[in-house]
Amino acid sequence: MINITLPDGAVKQMESNSTPFDVALEISQGLARNVISANFNGTTVEVSTPLKEDGTLTLYTWENDEGKKAFWHSSSHVVAQALQELYPGIKLTIGPAIENGFYYDVDFGEHTISEKDFSTVEKRALEIARGKHNFKMREVSKADALNFYNSQNNEYKVELIENLNDGEITFCDHSTFTDLCRGGHIPNTGLIKAIKILNVAGAYWRGDENNTQLTRVYGISFPKQKQLTEYLELLEEAKKRDHRKLGKELELFTFSQKVGQGLPLWLPKGAALRERLENFLKSAQKKAGYEMVVTPHIGQKELYVTSGHYAKYGEDSFQPIHTPKEDEEFLLKPMNCPHHCEIYKNSRWSYKDLPKRYAEFGTVYRYEQSGELHGLTRVRGFTQDDAHIFCTNDQLNDEFKKVIDLTLYVLGSLGFDNFTAQVSVRDLEKPEKYIGEVENWEKAEQAIIEAAEEKGLDFVIESGEAAFYGPKLDFMIKDALGRNWQLGTIQVDYNLPERFDLTYKGSDNELHRPVMIHRAPFGSLERFVALLLEHTGGNFPLWLIPTQAMLLPVSEKYEKYAEKVLNSLENHEIRALIDNRNETVGKKIRETELKKIPFMLVVGENEEENGTIAVRRHGGEDLGNISIKDFANLISNEINSTLKSF
RNA sequence: GCCGACGUAGCUCAGGGGUAGAGCGUUUCCUUGGUAAGGAAGAGGUCACGGGUUCAAUUCCCGUCGUUGGCUCCA
């Protein structure tokens, strides 16, 4: 007999060699029907794996992330089988589950696959699934495993096996298909009722661009057909929130092939929105002791040689601009920090003067690879809400925490409650990517982790995500399609103060090195607006939205009155427009709804007589006939309740 | 940069070897209206750009540019 401990602490006495399925059966019939994966003593096991010793067992169903993972990973085997049957001779590599579904990386050799082939693959995969084949794990000797894949000329699997130890190599069989696999499958293929191939993409073998490029086939699967339909509907819904679509519809920004790729053009409404965001942050920053500075868009090459940017990115950035006569070299600025360091150096500072906090909405230019450009989230020219804090070591922790507060205030005011805090540290295996002394890096990483912990921030640590000059605390937000983007960032830097030889005089009358904090709560206005658009679906908070109210005269006869109302709304600092086109009220309402304008103010005979407006909210709520003063109060109350003071 | 897809009117999109279509928008006229599309008429396109194949290319092929899904990269 063995003792199996369940997550709730209960202990089940089971026969030796009982399986997780048996344990589930002990608990309930329903669970036994639904259990699709399990974890025993920290390792993923099959539902059919015989348990030979005492241990802790967690059972997973489709409702758990782990269960979904097993489901999707199993599905990737089924799709791989279908692909192998349809495209003989292809070489399979790896096929893991991902956040939403799974992929399989395949060397298609002579074959090609494209969208029009998907339905064939889906059909065959589903046929295989319906065969209710059991997934069976078996241990294989290294020699046998190598033989198996050498005979298929599959150098990828051979490479994978060569990096494994004899005795820990397992194959998974189902139907006529065999794959190298460490396990974690659902009991049988029959549970997979719906499979969809979503797209194909190039992906380098082992993620290295020097390796062969494979074809990555993305797919998703479900235990019920209905869930697939719902998922596809969800994707459609997400597309409606895409900032590129909304930005066009709401006339916020555009791109011009003639201006250049990745160079956004802000239209009047978008520019007004940006300005409001800037003012919002400026006023918070003023209270937090920041001073605004202004610096030019270019700087001498030497400036960036000093900062280290040139050595790191000189080749991969916009190339230097040469002056016509002196042949001096200037670079478009990729960051504002070197300029701010020079501002710091303009004066001699005492410890009593610190911290100095220099802020600038600085537009920077970076040469991003063409394949990387994406709407407003990845562009070549963008404006950072940048600031650099120069402080003493003693002030660092406190300053850093203040910046966390400011960032949380910004995100909170705009309704971003779904961010991930990420401490981005060095990749210890690639020291060549970073500048500066190891001790400084350790000090900086420690400072960030300490401050984040003291703030009670729930964060993850990501190695290899640091900037080349220092580690960062990044605030990540997902876009409509589930991709993660870095918005706000706070960075600790011991390197640039040294490179620029920044100093201050301490109480000991000696010169000391200040520490620098780079920070941008929005990150960049471009990316921030993009994510805000996707997050709100274009329904911006009232304080931010370009047009707060649309006046809709019932007919031409009431245009004069509408203008009078507009005037008085303007006096209340309400941003309103009049729709005085020769159209019916119904049509004007429909279009105002589509423009996502929060309030529709219908004015006609009744309103003119009583000096009121008939207020309809976006979405249809009728707020009745009220006075302009009441409406102004309504608006300011709503703004005050969302826009907390800092 | 790499692999795949896409590029037709201001916008959203259909079409297809014989030089183009819809809806919305826009213009003019009628209508003067009460909470999600009132009616009529008109204008608007070198079918991204450059080559090639063909009697004929917007359509097929190649290249370029741009967009896009990924990969790599991301100061």
# chains A, B, ... in the order shown; residues from 1 in each chain; ligands from 1
>>> select_by_dssp(residues="range 310-343 of chain A", states="alpha helix (DSSP H)", output="compact mmCIF listing (two decimals) with N, CA, C and O atoms, in the first residue's frame")
# COMPACT_ATOMS: atom_id res chain seq x y z
N TYR A 310 26.78 54.16 -28.59
CA TYR A 310 27.36 53.99 -29.91
C TYR A 310 28.00 52.61 -30.06
O TYR A 310 27.79 51.92 -31.05
N ALA A 311 28.74 52.19 -29.04
CA ALA A 311 29.38 50.89 -29.10
C ALA A 311 28.33 49.77 -29.19
O ALA A 311 28.51 48.79 -29.91
N LYS A 312 27.23 49.94 -28.45
CA LYS A 312 26.21 48.89 -28.41
C LYS A 312 25.34 48.87 -29.66
O LYS A 312 24.93 47.83 -30.14
N TYR A 313 24.98 50.07 -30.13
CA TYR A 313 23.95 50.14 -31.17
C TYR A 313 24.35 50.92 -32.41
O TYR A 313 23.53 51.09 -33.30
N CYS A 337 18.88 60.14 -21.87
CA CYS A 337 19.76 60.19 -20.70
C CYS A 337 21.09 60.90 -20.92
O CYS A 337 21.51 61.67 -20.05
N PRO A 338 21.77 60.69 -22.07
CA PRO A 338 23.05 61.39 -22.20
C PRO A 338 22.88 62.91 -22.13
O PRO A 338 23.69 63.58 -21.49
N HIS A 339 21.83 63.41 -22.75
CA HIS A 339 21.58 64.86 -22.69
C HIS A 339 21.33 65.29 -21.25
O HIS A 339 21.81 66.34 -20.82
N HIS A 340 20.57 64.51 -20.52
CA HIS A 340 20.25 64.88 -19.14
C HIS A 340 21.49 64.83 -18.25
O HIS A 340 21.63 65.62 -17.32
N CYS A 341 22.39 63.91 -18.56
CA CYS A 341 23.65 63.86 -17.81
C CYS A 341 24.41 65.18 -18.00
O CYS A 341 24.99 65.71 -17.06
N GLU A 342 24.40 65.66 -19.23
CA GLU A 342 25.11 66.91 -19.51
C GLU A 342 24.42 68.09 -18.81
O GLU A 342 25.08 69.06 -18.42
N ILE A 343 23.11 68.02 -18.66
CA ILE A 343 22.41 69.07 -17.92
C ILE A 343 22.85 69.03 -16.46
O ILE A 343 23.13 70.05 -15.84
>>> interface_residues(of="chain B", to="chain A", cutoff="9 Å", atoms="only C-alpha atoms (C1' of nucleotides)", output="list of chain:residue names")
B:G1, B:C2, B:C3, B:G4, B:A5, B:C11, B:U32, B:G33, B:G34, B:U35, B:A36, B:A37, B:G38, B:C65, B:G66, B:U68, B:G69, B:G70, B:C71, B:U72, B:C73, B:C74, B:A75
>>> residues_around(residues="U59 in chain B", least_positions_apart="4", cutoff="10 Å", atoms="only C-alpha atoms (C1' of nucleotides)", output="MDAnalysis selection string")
chainID B and resid 15:17 47
>>> write_last_selection(atoms="all heavy atoms", output="mmCIF file, in the first residue's frame")
data_model
loop_
_atom_site.group_PDB
_atom_site.id
_atom_site.type_symbol
_atom_site.label_atom_id
_atom_site.label_comp_id
_atom_site.auth_asym_id
_atom_site.auth_seq_id
_atom_site.Cartn_x
_atom_site.Cartn_y
_atom_site.Cartn_z
ATOM 1 P P G B 15 -14.367 37.501 -53.849
ATOM 2 O OP1 G B 15 -14.790 36.076 -53.859
ATOM 3 O OP2 G B 15 -13.047 37.873 -53.318
ATOM 4 O "O5'" G B 15 -14.503 38.069 -55.334
ATOM 5 C "C5'" G B 15 -15.613 37.701 -56.149
ATOM 6 C "C4'" G B 15 -15.568 38.480 -57.432
ATOM 7 O "O4'" G B 15 -15.334 39.874 -57.144
ATOM 8 C "C3'" G B 15 -14.432 38.106 -58.389
ATOM 9 O "O3'" G B 15 -14.820 37.025 -59.216
ATOM 10 C "C2'" G B 15 -14.240 39.378 -59.206
ATOM 11 O "O2'" G B 15 -15.178 39.488 -60.255
ATOM 12 C "C1'" G B 15 -14.533 40.462 -58.162
ATOM 13 N N9 G B 15 -13.325 41.009 -57.549
ATOM 14 C C8 G B 15 -12.764 40.623 -56.353
ATOM 15 N N7 G B 15 -11.688 41.303 -56.032
ATOM 16 C C5 G B 15 -11.539 42.188 -57.095
ATOM 17 C C6 G B 15 -10.537 43.177 -57.309
ATOM 18 O O6 G B 15 -9.581 43.472 -56.594
ATOM 19 N N1 G B 15 -10.740 43.851 -58.507
ATOM 20 C C2 G B 15 -11.768 43.616 -59.377
ATOM 21 N N2 G B 15 -11.800 44.374 -60.478
ATOM 22 N N3 G B 15 -12.709 42.698 -59.184
ATOM 23 C C4 G B 15 -12.526 42.031 -58.032
ATOM 24 P P G B 16 -14.001 35.616 -59.059
ATOM 25 O OP1 G B 16 -15.038 34.565 -59.121
ATOM 26 O OP2 G B 16 -13.086 35.681 -57.899
ATOM 27 O "O5'" G B 16 -13.115 35.510 -60.377
ATOM 28 C "C5'" G B 16 -13.704 35.667 -61.665
ATOM 29 C "C4'" G B 16 -12.917 36.669 -62.455
ATOM 30 O "O4'" G B 16 -12.762 37.880 -61.679
ATOM 31 C "C3'" G B 16 -11.477 36.233 -62.778
ATOM 32 O "O3'" G B 16 -11.451 35.510 -64.002
ATOM 33 C "C2'" G B 16 -10.747 37.567 -62.887
ATOM 34 O "O2'" G B 16 -10.923 38.168 -64.151
ATOM 35 C "C1'" G B 16 -11.472 38.414 -61.841
ATOM 36 N N9 G B 16 -10.814 38.411 -60.523
ATOM 37 C C8 G B 16 -10.900 37.433 -59.566
ATOM 38 N N7 G B 16 -10.223 37.711 -58.477
ATOM 39 C C5 G B 16 -9.655 38.938 -58.741
ATOM 40 C C6 G B 16 -8.799 39.745 -57.932
ATOM 41 O O6 G B 16 -8.381 39.528 -56.797
ATOM 42 N N1 G B 16 -8.439 40.909 -58.603
ATOM 43 C C2 G B 16 -8.839 41.267 -59.851
ATOM 44 N N2 G B 16 -8.379 42.435 -60.308
ATOM 45 N N3 G B 16 -9.636 40.527 -60.611
ATOM 46 C C4 G B 16 -9.992 39.389 -59.995
ATOM 47 P P G B 17 -10.097 34.824 -64.554
ATOM 48 O OP1 G B 17 -10.384 33.936 -65.697
ATOM 49 O OP2 G B 17 -9.412 34.322 -63.387
ATOM 50 O "O5'" G B 17 -9.291 36.088 -65.082
ATOM 51 C "C5'" G B 17 -8.215 35.915 -65.944
ATOM 52 C "C4'" G B 17 -8.060 37.148 -66.796
ATOM 53 O "O4'" G B 17 -6.714 37.179 -67.299
ATOM 54 C "C3'" G B 17 -8.976 37.180 -68.010
ATOM 55 O "O3'" G B 17 -9.224 38.541 -68.371
ATOM 56 C "C2'" G B 17 -8.094 36.593 -69.084
ATOM 57 O "O2'" G B 17 -8.460 36.996 -70.398
ATOM 58 C "C1'" G B 17 -6.747 37.214 -68.712
ATOM 59 N N9 G B 17 -5.594 36.519 -69.256
ATOM 60 C C8 G B 17 -5.346 35.178 -69.351
ATOM 61 N N7 G B 17 -4.212 34.914 -69.923
ATOM 62 C C5 G B 17 -3.683 36.160 -70.228
ATOM 63 C C6 G B 17 -2.472 36.513 -70.865
ATOM 64 O O6 G B 17 -1.595 35.781 -71.297
ATOM 65 N N1 G B 17 -2.332 37.895 -70.972
ATOM 66 C C2 G B 17 -3.244 38.808 -70.530
ATOM 67 N N2 G B 17 -2.940 40.094 -70.711
ATOM 68 N N3 G B 17 -4.381 38.494 -69.914
ATOM 69 C C4 G B 17 -4.524 37.170 -69.817
ATOM 70 P P C B 47 -5.000 50.817 -62.298
ATOM 71 O OP1 C B 47 -3.882 49.844 -62.429
ATOM 72 O OP2 C B 47 -6.220 50.665 -63.059
ATOM 73 O "O5'" C B 47 -5.396 50.964 -60.763
ATOM 74 C "C5'" C B 47 -4.510 50.521 -59.747
ATOM 75 C "C4'" C B 47 -5.220 49.542 -58.834
ATOM 76 O "O4'" C B 47 -6.545 49.230 -59.342
ATOM 77 C "C3'" C B 47 -4.505 48.210 -58.658
ATOM 78 O "O3'" C B 47 -4.400 47.942 -57.272
ATOM 79 C "C2'" C B 47 -5.407 47.192 -59.329
ATOM 80 O "O2'" C B 47 -5.408 45.969 -58.680
ATOM 81 C "C1'" C B 47 -6.777 47.855 -59.192
ATOM 82 N N1 C B 47 -7.708 47.421 -60.241
ATOM 83 C C2 C B 47 -8.635 46.422 -59.928
ATOM 84 O O2 C B 47 -8.646 45.939 -58.784
ATOM 85 N N3 C B 47 -9.495 46.016 -60.886
ATOM 86 C C4 C B 47 -9.464 46.565 -62.083
ATOM 87 N N4 C B 47 -10.324 46.141 -62.985
ATOM 88 C C5 C B 47 -8.519 47.581 -62.424
ATOM 89 C C6 C B 47 -7.677 47.972 -61.477
#
>>> closest_residue(among="A:His572, A:Thr536, A:Glu609, A:Lys325", to="Lys629 in chain A", atoms="only C-alpha atoms")
A:His572
>>> residues_around(residues="Trp62 in chain A", least_positions_apart="5", cutoff="12 Å", atoms="only C-alpha atoms (C1' of nucleotides)", output="JSON list (two decimals) with N, CA and C atoms, in the first residue's frame")
[["chain", "number", "residue", "atom", "x", "y", "z"],
["A", 31, "LEU", "N", -14.94, 13.32, -11.17],
["A", 31, "LEU", "CA", -13.53, 13.69, -11.29],
["A", 31, "LEU", "C", -12.80, 12.69, -12.18],
["A", 33, "ARG", "N", -13.96, 11.03, -14.56],
["A", 33, "ARG", "CA", -14.32, 11.27, -15.96],
["A", 33, "ARG", "C", -13.54, 12.44, -16.53],
["A", 34, "ASN", "N", -13.26, 13.42, -15.68],
["A", 34, "ASN", "CA", -12.69, 14.66, -16.18],
["A", 34, "ASN", "C", -11.18, 14.81, -15.99],
["A", 35, "VAL", "N", -10.59, 13.94, -15.20],
["A", 35, "VAL", "CA", -9.16, 14.13, -14.93],
["A", 35, "VAL", "C", -8.38, 13.85, -16.22],
["A", 36, "ILE", "N", -7.51, 14.82, -16.59],
["A", 36, "ILE", "CA", -6.78, 14.62, -17.84],
["A", 36, "ILE", "C", -5.27, 14.68, -17.66],
["A", 37, "SER", "N", -4.83, 15.11, -16.48],
["A", 37, "SER", "CA", -3.40, 15.16, -16.27],
["A", 37, "SER", "C", -3.15, 15.18, -14.77],
["A", 38, "ALA", "N", -1.91, 14.92, -14.38],
["A", 38, "ALA", "CA", -1.62, 14.88, -12.95],
["A", 38, "ALA", "C", -0.18, 15.25, -12.69],
["A", 67, "GLY", "N", -4.03, 21.28, -16.76],
["A", 67, "GLY", "CA", -4.84, 20.36, -17.55],
["A", 67, "GLY", "C", -4.88, 20.80, -19.02],
["A", 68, "LYS", "N", -5.07, 22.11, -19.21],
["A", 68, "LYS", "CA", -5.10, 22.64, -20.57],
["A", 68, "LYS", "C", -3.77, 22.38, -21.27],
["A", 69, "LYS", "N", -2.69, 22.53, -20.49],
["A", 69, "LYS", "CA", -1.36, 22.34, -21.05],
["A", 69, "LYS", "C", -1.21, 20.91, -21.58],
["A", 70, "ALA", "N", -1.65, 19.95, -20.75],
["A", 70, "ALA", "CA", -1.56, 18.54, -21.16],
["A", 70, "ALA", "C", -2.44, 18.31, -22.39],
["A", 71, "PHE", "N", -3.60, 18.94, -22.38],
["A", 71, "PHE", "CA", -4.55, 18.78, -23.48],
["A", 71, "PHE", "C", -3.95, 19.29, -24.79],
["A", 72, "TRP", "N", -3.37, 20.49, -24.70],
["A", 72, "TRP", "CA", -2.82, 21.09, -25.92],
["A", 72, "TRP", "C", -1.54, 20.41, -26.37],
["A", 186, "ILE", "N", -2.95, 13.73, -21.99],
["A", 186, "ILE", "CA", -4.28, 13.33, -21.57],
["A", 186, "ILE", "C", -4.40, 11.83, -21.84],
["A", 191, "LEU", "N", -10.57, 12.58, -26.39],
["A", 191, "LEU", "CA", -11.07, 13.73, -25.64],
["A", 191, "LEU", "C", -11.02, 15.01, -26.46],
["A", 192, "ILE", "N", -10.19, 14.97, -27.52],
["A", 192, "ILE", "CA", -10.04, 16.17, -28.35],
["A", 192, "ILE", "C", -11.17, 16.19, -29.37],
["A", 221, "SER", "N", -7.02, 23.51, -29.56],
["A", 221, "SER", "CA", -7.97, 22.41, -29.54],
["A", 221, "SER", "C", -8.81, 22.51, -28.28],
["A", 222, "PHE", "N", -9.95, 21.85, -28.31],
["A", 222, "PHE", "CA", -10.87, 21.92, -27.18],
["A", 222, "PHE", "C", -11.58, 20.59, -26.96],
["A", 223, "PRO", "N", -12.06, 20.38, -25.74],
["A", 223, "PRO", "CA", -12.84, 19.18, -25.46],
["A", 223, "PRO", "C", -14.25, 19.27, -26.03],
["A", 224, "LYS", "N", -14.67, 20.48, -26.41],
["A", 224, "LYS", "CA", -16.01, 20.62, -26.98],
["A", 224, "LYS", "C", -15.95, 21.55, -28.18],
["A", 227, "GLN", "N", -16.64, 25.22, -27.49],
["A", 227, "GLN", "CA", -15.57, 26.05, -26.91],
["A", 227, "GLN", "C", -14.69, 26.65, -28.01]]
>>> select_by_dssp(residues="range 459-559 of chain A", states="strand (DSSP E or B)", output="JSON, numbers by chain")
{"A": [459, 460, 461, 462, 463, 467, 470, 472, 473, 474, 475, 476, 477, 478, 484, 485, 486, 487, 488, 489, 490, 491, 492, 493, 504, 505, 511, 512, 515, 516, 517, 518, 519, 520, 524, 549, 550, 551, 552, 553]}
>>> closest_residue(among="A:His174, A:Arg274, A:Lys136, A:Lys287", to="Pro546 in chain A", atoms="only C-alpha atoms")
A:Arg274
>>> atom_distance(atom1="C1' of C49 in chain B", atom2="C1' of G18 in chain B")
23.8 Å
>>> residues_around(residues="U8 in chain B", least_positions_apart="3", cutoff="10 Å", atoms="only C-alpha atoms (C1' of nucleotides)", output="PyMOL selection string")
chain B and resi 13-15+20-21+45+47+58
>>> residues_around(residues="range 529-531 of chain A", least_positions_apart="5", cutoff="7 Å", atoms="only C-alpha atoms (C1' of nucleotides)", output="PDB file with N, CA, C and O atoms, in the first residue's frame")
ATOM      1  N   HIS A 243      -5.815  48.548 -31.636  1.00  0.00           N
ATOM      2  CA  HIS A 243      -5.609  50.000 -31.630  1.00  0.00           C
ATOM      3  C   HIS A 243      -5.407  50.562 -33.034  1.00  0.00           C
ATOM      4  O   HIS A 243      -5.682  51.729 -33.288  1.00  0.00           O
ATOM      5  N   LEU A 376       1.245  51.329 -33.276  1.00  0.00           N
ATOM      6  CA  LEU A 376       1.884  52.322 -32.406  1.00  0.00           C
ATOM      7  C   LEU A 376       2.716  51.667 -31.316  1.00  0.00           C
ATOM      8  O   LEU A 376       3.360  52.357 -30.534  1.00  0.00           O
ATOM      9  N   THR A 377       2.679  50.339 -31.240  1.00  0.00           N
ATOM     10  CA  THR A 377       3.380  49.711 -30.113  1.00  0.00           C
ATOM     11  C   THR A 377       4.870  49.533 -30.378  1.00  0.00           C
ATOM     12  O   THR A 377       5.662  49.444 -29.449  1.00  0.00           O
ATOM     13  N   ASP A 479      -1.843  43.262 -24.795  1.00  0.00           N
ATOM     14  CA  ASP A 479      -2.704  43.924 -25.779  1.00  0.00           C
ATOM     15  C   ASP A 479      -3.900  43.036 -26.094  1.00  0.00           C
ATOM     16  O   ASP A 479      -4.078  41.972 -25.495  1.00  0.00           O
TER      17      ASP A 479
END
>>> residues_around(residues="Ala451 in chain A", least_positions_apart="5", cutoff="9 Å", atoms="only C-alpha atoms (C1' of nucleotides)", output="list in words")
Asn397, Asp398, Phe400, Lys401, Ile404, Gln446, Gly456 and Leu457 of chain A
>>> decode(residues="range 284-297 of chain A", atoms="N, CA and C atoms", output="mmCIF file, in the first residue's frame")
data_model
loop_
_atom_site.group_PDB
_atom_site.id
_atom_site.type_symbol
_atom_site.label_atom_id
_atom_site.label_comp_id
_atom_site.auth_asym_id
_atom_site.auth_seq_id
_atom_site.Cartn_x
_atom_site.Cartn_y
_atom_site.Cartn_z
ATOM 1 N N ALA A 284 1.347 65.814 -11.926
ATOM 2 C CA ALA A 284 1.769 64.889 -10.861
ATOM 3 C C ALA A 284 3.268 65.023 -10.601
ATOM 4 N N GLN A 285 4.028 65.175 -11.671
ATOM 5 C CA GLN A 285 5.473 65.273 -11.525
ATOM 6 C C GLN A 285 5.909 66.549 -10.813
ATOM 7 N N LYS A 286 5.147 67.603 -11.084
ATOM 8 C CA LYS A 286 5.469 68.867 -10.439
ATOM 9 C C LYS A 286 5.348 68.703 -8.928
ATOM 10 N N LYS A 287 4.249 68.031 -8.524
ATOM 11 C CA LYS A 287 4.051 67.799 -7.092
ATOM 12 C C LYS A 287 5.134 66.903 -6.517
ATOM 13 N N ALA A 288 5.693 66.021 -7.381
ATOM 14 C CA ALA A 288 6.704 65.079 -6.897
ATOM 15 C C ALA A 288 8.111 65.668 -6.996
ATOM 16 N N GLY A 289 8.210 66.946 -7.317
ATOM 17 C CA GLY A 289 9.519 67.594 -7.284
ATOM 18 C C GLY A 289 10.352 67.464 -8.543
ATOM 19 N N TYR A 290 9.699 67.187 -9.673
ATOM 20 C CA TYR A 290 10.451 67.110 -10.931
ATOM 21 C C TYR A 290 10.541 68.499 -11.551
ATOM 22 N N GLU A 291 11.598 68.702 -12.337
ATOM 23 C CA GLU A 291 11.735 69.939 -13.108
ATOM 24 C C GLU A 291 11.796 69.569 -14.578
ATOM 25 N N MET A 292 11.084 70.327 -15.397
ATOM 26 C CA MET A 292 11.102 70.041 -16.839
ATOM 27 C C MET A 292 12.372 70.589 -17.472
ATOM 28 N N VAL A 293 12.920 69.810 -18.405
ATOM 29 C CA VAL A 293 14.046 70.290 -19.209
ATOM 30 C C VAL A 293 13.701 70.019 -20.673
ATOM 31 N N VAL A 294 14.443 70.637 -21.572
ATOM 32 C CA VAL A 294 14.221 70.413 -22.995
ATOM 33 C C VAL A 294 15.570 70.200 -23.653
ATOM 34 N N THR A 295 15.671 69.165 -24.476
ATOM 35 C CA THR A 295 16.942 68.898 -25.158
ATOM 36 C C THR A 295 16.670 68.616 -26.631
ATOM 37 N N PRO A 296 17.688 68.802 -27.476
ATOM 38 C CA PRO A 296 17.470 68.624 -28.916
ATOM 39 C C PRO A 296 17.337 67.153 -29.348
ATOM 40 N N HIS A 297 16.909 66.970 -30.581
ATOM 41 C CA HIS A 297 16.668 65.621 -31.112
ATOM 42 C C HIS A 297 17.926 64.925 -31.581
#
